[in-house]
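K.L.:
Just dropping this structure here.
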Amino acid sequence: MEQVLFVCLGNICRSPSAEAIFNALIVKNGLEGELQCDSAGTAAYHSGDQADYRMKQFAQKRGYRLTSISRPVDPERDFDRFDYIIGMDRQNIRDLKAMARNENDRKNIFLMTDFCQNMKYDSVPDPYYGGAGGFELVLDILEDACEGLINKLQNDSF
Ligand code: 4NP
């Protein structure tokens with residue numbers, strides 16, 4: 001069983017969406033016994049909250065239900081449990097690297113957009129203070145990256 005953790009800042013917009021999209025792909029590809037995912041935030045200020053209502057609405061229109069509850073990254077537990085810890089932007093990567101306990105932890109940290117197969121972005125932009133377009137863009141990038149990630153996990157060990 002391989003374990004993937006998606007990480008953003010608040011764990012109420014981007015990473016819960018990544019989790020829902022990736023879970024849908026796990027089911028679609030019949031990989032329930034092989035892959036599991038979760039999400040977390042580098043900041044704790046939304047801990048215990050449901051996903052952002054706007055993010056939920058835009059995700060719902062594409063058939064994804066965002067059910068996860070925000071929690072902060074727990075370096076001790078998460079670096080032990082997860083094989084791939086995937087940040088949404090470069091600040092997430094910097095924060096995760098600062099939490100890593102050693103080189104072994106650091107080598108499991110990845111940038112989400114590095115798995116994109118079609119979209120040319122170097123981050124999943126934070127949609128929190130923007131309009132509808134920002135939420136749609138998050139979902140577009142995440143659908144592409146999740147597809148790329150699942151292909152990579154099925155085809156090679158990296
Ligand atoms: P997320 O979005 O990191 O994709 O969950 C944000 C959520 C909350 C805030 C910023 C970004 N905030 O500043 O409260």
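Every chain in the structure tokens has a letter given in the order shown (A, B, ...), and although residue numbers restart at 1 in each chain, ligands are simply numbered from 1 in the order shown.
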Write out as a PDB file with C-alpha atoms, in the first residue's frame the residues lying within 12 Å of A:Asp83, counting only C-alpha atoms and excluding same-chain residues fewer than 4 positions away.
P.N.:
ATOM      1  CA  MET A   1       0.000   0.000   0.000  1.00  0.00           C
ATOM      2  CA  GLU A   2       1.398   3.388  -0.994  1.00  0.00           C
ATOM      3  CA  GLN A   3       0.346   6.453   0.956  1.00  0.00           C
ATOM      4  CA  VAL A   4       0.071   9.978  -0.460  1.00  0.00           C
ATOM      5  CA  LEU A   5      -0.392  13.173   1.569  1.00  0.00           C
ATOM      6  CA  PHE A   6      -1.517  16.352  -0.218  1.00  0.00           C
ATOM      7  CA  LEU A  35      -3.162   3.498  -2.878  1.00  0.00           C
ATOM      8  CA  GLN A  36      -4.448   5.676  -0.065  1.00  0.00           C
ATOM      9  CA  CYS A  37      -4.399   9.436   0.371  1.00  0.00           C
ATOM     10  CA  ASP A  38      -5.058  12.132   2.935  1.00  0.00           C
ATOM     11  CA  ARG A  77       3.375  10.922  12.247  1.00  0.00           C
ATOM     12  CA  ASP A  78       3.074  12.119   8.658  1.00  0.00           C
ATOM     13  CA  PHE A  79       6.706  11.700   7.607  1.00  0.00           C
ATOM     14  CA  ASN A 104      14.975  10.596   4.310  1.00  0.00           C
ATOM     15  CA  ASP A 105      11.923  12.774   5.081  1.00  0.00           C
ATOM     16  CA  ARG A 106      13.059  15.438   2.605  1.00  0.00           C
ATOM     17  CA  LYS A 107      13.265  13.052  -0.311  1.00  0.00           C
ATOM     18  CA  ASN A 108       9.556  12.223   0.004  1.00  0.00           C
ATOM     19  CA  ILE A 109       8.518  15.867  -0.594  1.00  0.00           C
ATOM     20  CA  PHE A 110       7.241  16.705  -4.090  1.00  0.00           C
ATOM     21  CA  LEU A 153       2.593   5.432  -9.405  1.00  0.00           C
ATOM     22  CA  SER A 157       8.566   3.450  -8.577  1.00  0.00           C
ATOM     23  CA  PHE A 158      10.253   6.802  -8.246  1.00  0.00           C
TER      24      PHE A 158
END
K.L.:
Produce as a ChimeraX atom specification the set of residues near ligand 1, where near means within 10 Å with only C-alpha atoms and all ligand atoms considered.
P.N.:
/A:7-18,40-46,51-52,55,70,87-89,92,124-129,135,138
K.L.:
Residues of stretch 57-91 of chain A in strand (DSSP E or B) according to DSSP, as a list of chain:residue names?
P.N.:
A:Ile69, A:Pro72, A:Tyr84, A:Ile85, A:Ile86, A:Gly87
K.L.:
Take the residues that were just selected and, keeping N, CA and C atoms, output them as a short mmCIF file (atom, residue, chain, number, x, y, z; two decimals), in the first residue's frame.
P.N.:
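Saved the output as out-v1.cif:
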data_model
loop_
_atom_site.label_atom_id
_atom_site.label_comp_id
_atom_site.auth_asym_id
_atom_site.auth_seq_id
_atom_site.Cartn_x
_atom_site.Cartn_y
_atom_site.Cartn_z
N ILE A 69 -11.81 17.09 6.83
CA ILE A 69 -11.77 18.13 7.86
C ILE A 69 -10.32 18.58 8.01
N PRO A 72 -3.59 20.20 10.69
CA PRO A 72 -2.22 20.58 10.33
C PRO A 72 -1.35 19.35 10.09
N TYR A 84 4.69 9.72 -0.20
CA TYR A 84 4.76 10.90 -1.05
C TYR A 84 4.02 12.02 -0.33
N ILE A 85 4.73 13.11 -0.07
CA ILE A 85 4.14 14.28 0.59
C ILE A 85 4.22 15.41 -0.43
N ILE A 86 3.04 15.84 -0.91
CA ILE A 86 3.01 16.64 -2.13
C ILE A 86 2.42 18.02 -1.83
N GLY A 87 3.27 19.05 -1.96
CA GLY A 87 2.85 20.42 -1.71
C GLY A 87 2.28 21.07 -2.96
#
